[in-house]
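J.: One structure follows; several queries about it will come next.
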Amino acid sequence: MVARQLADVGQAQRLLVRDAGRAPELEGADPLVFSYADPDSARQVLEGVKVLFMVSAAEAEDRLQQHYTFIDAAAAAGVQHVVYTSFYGAAPDATFTLARDHFATEERIKASGMNYTFLRDNFYLDFLPLLTGEDGVIRGPAGNGVVSAVSREDIARCAVAVLRDPALHVGTTYNLTGPEELTIAAAADILTAKTGRTVTYHPETVEEAYASRASNGAPPWQVDAWVSTYTAIAAGEMAGLSPDVHALTGRDPLSLAGFLAQPQL
């Protein structure tokens with residue numbers, strides 16, 4: 001989304017990808033394949049780059065080390081400014097386990113000497129429909145907590161706004177949320193109303209959540225991440241509404257109902 005929008009306004013860019021087959025086809029922007037975990041390839045593809053839009057790596061047990069390697073390579077290559085997709089409420093003691101990795105990544109970027117801008121995204125609005133099981137039930141220990149989920153579309157627009165004039169955003173952290181605080185039960189009601197499928201929420205206990213998710217053989221770090229998605233909501237850490245999406249883009253962020261009303265690609 002970001003690459004296409006930058007191309008639409010004539011912004012020169014270099015596409016760094018894990019899989020060339022998934023890169024958008026843009027005139028004058030051939031994709032370069034590399035790995036965050038390979039310092040030599042990372043430094044090579046970053047030579048001459050001044051502003052880097054760094055999307056967090058795919059979830060993996062060694063994701064933080066991948067981030068460290070890539071950040072160090074960026075600094076060595078002479079990158080001046082990193083715009084990083086971080087996470088809402090990133091902190092060393094965040095309930096959502098992966099938010100701790102995002103905080104550590106932010107700290108590494110700060111320590112590198114490069115300028116930075118952090119886009120702290122709440123949970124993806126796009127993800128909420130995917131929480132529903134085959135039986136139409138969303139199960140998780142979210143209690144009555146609320147989440148201010150934000151669409152990937154809005155995150156992309158915010159990133160483009162920063163990348164078009166990065167000097168205006170040096171040293172700034174933006175909290176990117178949707179326009180509403182939703183309980184999972186309320187999200188289920190909206191999904192029911194807008195999709196025609198009956199969706200309900202079953203509030204699991206933490207013990208039930210671990211038992212149900214561990215049964216498929218996933219590694220402990222991944223089960224912790226899955227369960228803490230919900231416990232972070234229950235703890236109130238995904239609550240709160242930020243004006244930053246509107247401030248950056250001039251548009252109100254999408255609601256869940258608005259997102260569901262759009263044609264789904």
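Scheme for the structure tokens: letters A, B, ... for chains in order shown; per-chain residue numbers from 1; ligand numbers from 1 in order shown.
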What's the 12 Å shell around Leu168 in chain A, counting only C-alpha atoms, without same-chain residues fewer than 3 positions away, as an mmCIF file with C-alpha atoms, in the first residue's frame?
T.:
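Output (part.cif):
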```
data_model
loop_
_atom_site.group_PDB
_atom_site.id
_atom_site.type_symbol
_atom_site.label_atom_id
_atom_site.label_comp_id
_atom_site.auth_asym_id
_atom_site.auth_seq_id
_atom_site.Cartn_x
_atom_site.Cartn_y
_atom_site.Cartn_z
ATOM 1 C CA HIS A 81 16.217 8.352 9.183
ATOM 2 C CA ASN A 115 16.860 9.874 13.203
ATOM 3 C CA TYR A 116 13.603 8.059 13.796
ATOM 4 C CA THR A 117 9.828 8.204 13.587
ATOM 5 C CA ALA A 161 2.400 11.270 5.001
ATOM 6 C CA VAL A 162 5.588 10.866 7.054
ATOM 7 C CA LEU A 163 7.706 9.611 4.157
ATOM 8 C CA ARG A 164 6.738 12.477 1.867
ATOM 9 C CA ASP A 165 8.319 14.987 4.273
ATOM 10 C CA GLY A 171 11.933 12.109 16.860
ATOM 11 C CA THR A 172 8.150 11.742 16.891
ATOM 12 C CA LEU A 248 -1.325 12.963 9.605
#
```
J.: Applying 9 Å and only C-alpha atoms, which residues near Phe123 in chain A remain after dropping the ones on its own chain fewer than 4 positions away? List them as a list in words.
T.: Phe87, Tyr88, Phe127, Leu128, Val147, Ser148, Ala149, Val150, Ser151, Thr177, Thr229 and Met238 of chain A
J.: Taking a cut-off of 10 Å and counting only C-alpha atoms, can you build a table that, for each residue of range 175-224 of chain A near range 139-146 of chain A, reports the nearest atom pair and how far apart they are in Å (one decimal), sorted by chain then residue number, as JSON lines?
T.:
```
{"residue": "A:Glu180", "atom": "CA", "partner": "A:Val146", "partner_atom": "CA", "distance": 9.1}
{"residue": "A:Glu181", "atom": "CA", "partner": "A:Val146", "partner_atom": "CA", "distance": 5.4}
{"residue": "A:Leu182", "atom": "CA", "partner": "A:Val146", "partner_atom": "CA", "distance": 4.8}
{"residue": "A:Thr183", "atom": "CA", "partner": "A:Val146", "partner_atom": "CA", "distance": 4.3}
{"residue": "A:Ile184", "atom": "CA", "partner": "A:Val146", "partner_atom": "CA", "distance": 7.1}
{"residue": "A:Ala185", "atom": "CA", "partner": "A:Asn144", "partner_atom": "CA", "distance": 8.0}
{"residue": "A:Ala186", "atom": "CA", "partner": "A:Val146", "partner_atom": "CA", "distance": 9.2}
{"residue": "A:Ala187", "atom": "CA", "partner": "A:Val146", "partner_atom": "CA", "distance": 9.7}
{"residue": "A:Thr200", "atom": "CA", "partner": "A:Arg139", "partner_atom": "CA", "distance": 8.7}
{"residue": "A:Tyr201", "atom": "CA", "partner": "A:Arg139", "partner_atom": "CA", "distance": 6.1}
{"residue": "A:His202", "atom": "CA", "partner": "A:Arg139", "partner_atom": "CA", "distance": 4.9}
{"residue": "A:Pro203", "atom": "CA", "partner": "A:Pro141", "partner_atom": "CA", "distance": 5.3}
{"residue": "A:Glu204", "atom": "CA", "partner": "A:Pro141", "partner_atom": "CA", "distance": 4.7}
{"residue": "A:Thr205", "atom": "CA", "partner": "A:Pro141", "partner_atom": "CA", "distance": 5.3}
{"residue": "A:Val206", "atom": "CA", "partner": "A:Pro141", "partner_atom": "CA", "distance": 5.7}
{"residue": "A:Glu207", "atom": "CA", "partner": "A:Pro141", "partner_atom": "CA", "distance": 9.0}
{"residue": "A:Glu208", "atom": "CA", "partner": "A:Pro141", "partner_atom": "CA", "distance": 8.4}
{"residue": "A:Ala209", "atom": "CA", "partner": "A:Gly140", "partner_atom": "CA", "distance": 6.1}
{"residue": "A:Tyr210", "atom": "CA", "partner": "A:Gly140", "partner_atom": "CA", "distance": 9.5}
{"residue": "A:Ser212", "atom": "CA", "partner": "A:Arg139", "partner_atom": "CA", "distance": 9.5}
```
J.: Could you save those same residues with N, CA, C and O atoms as a compact mmCIF listing (two decimals), in the first residue's frame?
T.:
```txt
# COMPACT_ATOMS: atom_id res chain seq x y z
N GLU A 180 -12.87 4.08 17.40
CA GLU A 180 -13.78 3.55 18.42
C GLU A 180 -13.06 2.52 19.29
O GLU A 180 -12.12 1.86 18.86
N GLU A 181 -13.52 2.44 20.53
CA GLU A 181 -13.05 1.41 21.45
C GLU A 181 -14.10 0.30 21.47
O GLU A 181 -15.25 0.55 21.83
N LEU A 182 -13.69 -0.90 21.09
CA LEU A 182 -14.63 -2.00 20.96
C LEU A 182 -14.28 -3.13 21.92
O LEU A 182 -13.12 -3.54 22.00
N THR A 183 -15.28 -3.65 22.62
CA THR A 183 -15.09 -4.94 23.27
C THR A 183 -15.15 -6.00 22.17
O THR A 183 -15.65 -5.75 21.07
N ILE A 184 -14.64 -7.18 22.47
CA ILE A 184 -14.72 -8.25 21.47
C ILE A 184 -16.19 -8.64 21.24
O ILE A 184 -16.58 -8.97 20.11
N ALA A 185 -17.01 -8.56 22.28
CA ALA A 185 -18.44 -8.83 22.11
C ALA A 185 -19.08 -7.83 21.15
O ALA A 185 -19.90 -8.20 20.30
N ALA A 186 -18.72 -6.55 21.29
CA ALA A 186 -19.26 -5.54 20.39
C ALA A 186 -18.77 -5.76 18.96
O ALA A 186 -19.53 -5.58 17.99
N ALA A 187 -17.51 -6.14 18.82
CA ALA A 187 -16.98 -6.45 17.49
C ALA A 187 -17.74 -7.61 16.87
O ALA A 187 -18.06 -7.60 15.67
N THR A 200 -20.35 -14.72 17.67
CA THR A 200 -20.48 -14.47 19.11
C THR A 200 -19.11 -14.51 19.76
O THR A 200 -18.13 -14.98 19.17
N TYR A 201 -19.05 -14.01 20.98
CA TYR A 201 -17.80 -14.01 21.74
C TYR A 201 -17.94 -14.89 22.97
O TYR A 201 -18.89 -14.76 23.74
N HIS A 202 -16.98 -15.80 23.15
CA HIS A 202 -16.91 -16.63 24.34
C HIS A 202 -15.68 -16.23 25.14
O HIS A 202 -14.54 -16.47 24.70
N PRO A 203 -15.84 -15.60 26.32
CA PRO A 203 -14.68 -15.17 27.11
C PRO A 203 -14.03 -16.35 27.83
O PRO A 203 -14.52 -16.80 28.86
N GLU A 204 -12.93 -16.83 27.26
CA GLU A 204 -12.20 -17.93 27.89
C GLU A 204 -11.46 -17.45 29.14
O GLU A 204 -11.17 -16.26 29.29
N THR A 205 -11.12 -18.38 30.00
CA THR A 205 -10.14 -18.10 31.04
C THR A 205 -8.76 -18.20 30.40
O THR A 205 -8.60 -18.76 29.31
N VAL A 206 -7.76 -17.66 31.08
CA VAL A 206 -6.39 -17.76 30.57
C VAL A 206 -5.98 -19.23 30.44
O VAL A 206 -5.34 -19.63 29.46
N GLU A 207 -6.37 -20.04 31.41
CA GLU A 207 -6.02 -21.46 31.37
C GLU A 207 -6.67 -22.15 30.18
O GLU A 207 -6.02 -22.95 29.49
N GLU A 208 -7.93 -21.84 29.90
CA GLU A 208 -8.61 -22.41 28.74
C GLU A 208 -7.93 -21.97 27.45
O GLU A 208 -7.78 -22.76 26.51
N ALA A 209 -7.52 -20.72 27.41
CA ALA A 209 -6.89 -20.20 26.19
C ALA A 209 -5.57 -20.92 25.90
O ALA A 209 -5.29 -21.29 24.75
N TYR A 210 -4.76 -21.10 26.93
CA TYR A 210 -3.50 -21.81 26.73
C TYR A 210 -3.74 -23.25 26.30
O TYR A 210 -3.07 -23.77 25.40
N SER A 212 -6.32 -24.56 24.70
CA SER A 212 -6.86 -24.68 23.35
C SER A 212 -5.83 -24.35 22.28
O SER A 212 -5.83 -24.96 21.21
```
J.: Got a sec to tell me which of range 55-179 of chain A DSSP assigns to strand (DSSP E or B), as a list in words?
T.: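 Matching residues, listed in order: His81, Val82, Val83, Tyr84, Thr85, Ser86, Phe87, Asn115, Tyr116, Thr117, Phe118, Leu119, Arg120, Asp121, Tyr124, Val137, Ile138, Arg139, Gly140, Val146, Val147, Val150, Thr172, Thr173, Tyr174, Asn175 and Leu176 of chain A.
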J.: Could you please take those selected residues and save N, CA, C and O atoms as a short mmCIF file (atom, residue, chain, number, x, y, z; two decimals), in the first residue's frame?
T.:
```
data_model
loop_
_atom_site.label_atom_id
_atom_site.label_comp_id
_atom_site.auth_asym_id
_atom_site.auth_seq_id
_atom_site.Cartn_x
_atom_site.Cartn_y
_atom_site.Cartn_z
N HIS A 81 17.52 8.25 8.51
CA HIS A 81 16.22 8.35 9.18
C HIS A 81 15.47 7.03 8.99
O HIS A 81 15.31 6.56 7.86
N VAL A 82 15.00 6.44 10.09
CA VAL A 82 14.21 5.21 10.05
C VAL A 82 12.78 5.52 10.49
O VAL A 82 12.56 6.07 11.57
N VAL A 83 11.82 5.14 9.66
CA VAL A 83 10.40 5.19 10.02
C VAL A 83 9.99 3.74 10.27
O VAL A 83 10.01 2.91 9.36
N TYR A 84 9.64 3.43 11.52
CA TYR A 84 9.45 2.03 11.93
C TYR A 84 8.00 1.77 12.34
O TYR A 84 7.41 2.54 13.09
N THR A 85 7.44 0.66 11.86
CA THR A 85 6.09 0.25 12.28
C THR A 85 6.19 -0.48 13.60
O THR A 85 6.46 -1.67 13.65
N SER A 86 5.95 0.24 14.67
CA SER A 86 6.04 -0.30 16.02
C SER A 86 4.65 -0.72 16.49
O SER A 86 3.75 -0.98 15.67
N PHE A 87 4.47 -0.81 17.81
CA PHE A 87 3.19 -1.28 18.33
C PHE A 87 2.70 -0.39 19.46
O PHE A 87 3.48 0.07 20.30
N ASN A 115 18.13 9.25 12.87
CA ASN A 115 16.86 9.87 13.20
C ASN A 115 15.76 8.82 13.12
O ASN A 115 15.92 7.79 12.44
N TYR A 116 14.65 9.07 13.79
CA TYR A 116 13.60 8.06 13.80
C TYR A 116 12.23 8.70 13.87
O TYR A 116 12.05 9.82 14.34
N THR A 117 11.24 7.94 13.38
CA THR A 117 9.83 8.20 13.59
C THR A 117 9.19 6.85 13.83
O THR A 117 9.42 5.90 13.08
N PHE A 118 8.38 6.74 14.90
CA PHE A 118 7.75 5.48 15.23
C PHE A 118 6.24 5.57 15.01
O PHE A 118 5.59 6.49 15.51
N LEU A 119 5.71 4.62 14.26
CA LEU A 119 4.28 4.48 14.05
C LEU A 119 3.80 3.34 14.93
O LEU A 119 3.98 2.17 14.60
N ARG A 120 3.23 3.67 16.06
CA ARG A 120 2.78 2.65 17.01
C ARG A 120 1.34 2.25 16.69
O ARG A 120 0.39 2.88 17.11
N ASP A 121 1.21 1.16 15.95
CA ASP A 121 -0.10 0.70 15.48
C ASP A 121 -0.80 -0.12 16.55
O ASP A 121 -0.19 -1.02 17.15
N TYR A 124 -4.53 -4.68 14.24
CA TYR A 124 -5.12 -4.42 12.92
C TYR A 124 -6.62 -4.66 12.93
O TYR A 124 -7.08 -5.73 13.32
N VAL A 137 -17.59 -18.49 16.52
CA VAL A 137 -17.31 -18.03 17.88
C VAL A 137 -15.88 -17.47 17.96
O VAL A 137 -14.94 -18.10 17.46
N ILE A 138 -15.75 -16.31 18.57
CA ILE A 138 -14.43 -15.76 18.91
C ILE A 138 -14.15 -16.15 20.34
O ILE A 138 -14.90 -15.80 21.25
N ARG A 139 -13.09 -16.87 20.56
CA ARG A 139 -12.73 -17.34 21.90
C ARG A 139 -11.43 -16.70 22.35
O ARG A 139 -10.43 -16.73 21.61
N GLY A 140 -11.43 -16.16 23.55
CA GLY A 140 -10.20 -15.58 24.08
C GLY A 140 -10.44 -14.91 25.42
O GLY A 140 -11.57 -14.52 25.72
N VAL A 146 -11.40 -3.28 26.01
CA VAL A 146 -11.68 -2.71 24.69
C VAL A 146 -10.39 -2.58 23.89
O VAL A 146 -9.29 -2.49 24.44
N VAL A 147 -10.55 -2.58 22.56
CA VAL A 147 -9.44 -2.43 21.64
C VAL A 147 -9.77 -1.34 20.64
O VAL A 147 -10.90 -1.23 20.17
N VAL A 150 -7.04 -0.45 14.33
CA VAL A 150 -6.84 0.48 13.22
C VAL A 150 -6.59 -0.31 11.94
O VAL A 150 -5.96 -1.36 11.97
N THR A 172 9.55 11.77 16.49
CA THR A 172 8.15 11.74 16.89
C THR A 172 7.63 10.31 16.93
O THR A 172 7.96 9.49 16.07
N THR A 173 6.79 10.02 17.92
CA THR A 173 6.09 8.75 18.02
C THR A 173 4.61 9.01 17.85
O THR A 173 4.03 9.83 18.57
N TYR A 174 4.00 8.33 16.87
CA TYR A 174 2.57 8.48 16.62
C TYR A 174 1.82 7.23 17.07
O TYR A 174 2.25 6.11 16.80
N ASN A 175 0.72 7.44 17.78
CA ASN A 175 -0.15 6.35 18.19
C ASN A 175 -1.30 6.25 17.20
O ASN A 175 -2.10 7.19 17.08
N LEU A 176 -1.37 5.15 16.49
CA LEU A 176 -2.35 4.99 15.42
C LEU A 176 -3.47 4.06 15.88
O LEU A 176 -3.26 2.87 16.11
#
```
J.: Which one is closest to Thr97 in chain A: A:Ala257, A:Ala218, A:Val245, A:Val227? Count only C-alpha atoms.
T.: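 Once distances to Thr97 in chain A are computed over only C-alpha atoms, the minimum belongs to A:Val227.
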J.: Let me make sure I understand: among A:Ala247, A:Ile190, A:Leu52, A:Leu254, which one has the smallest atom-to-atom distance to Cys158 in chain A if we use only C-alpha atoms?
T.: A:Ala247
J.: Quick check, in Å to one decimal: how far apart do CA of Ala104 in chain A and CA of Ala20 in chain A lie?
T.: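 Between CA of Ala104 in chain A and CA of Ala20 in chain A the gap works out to 28.7 Å.
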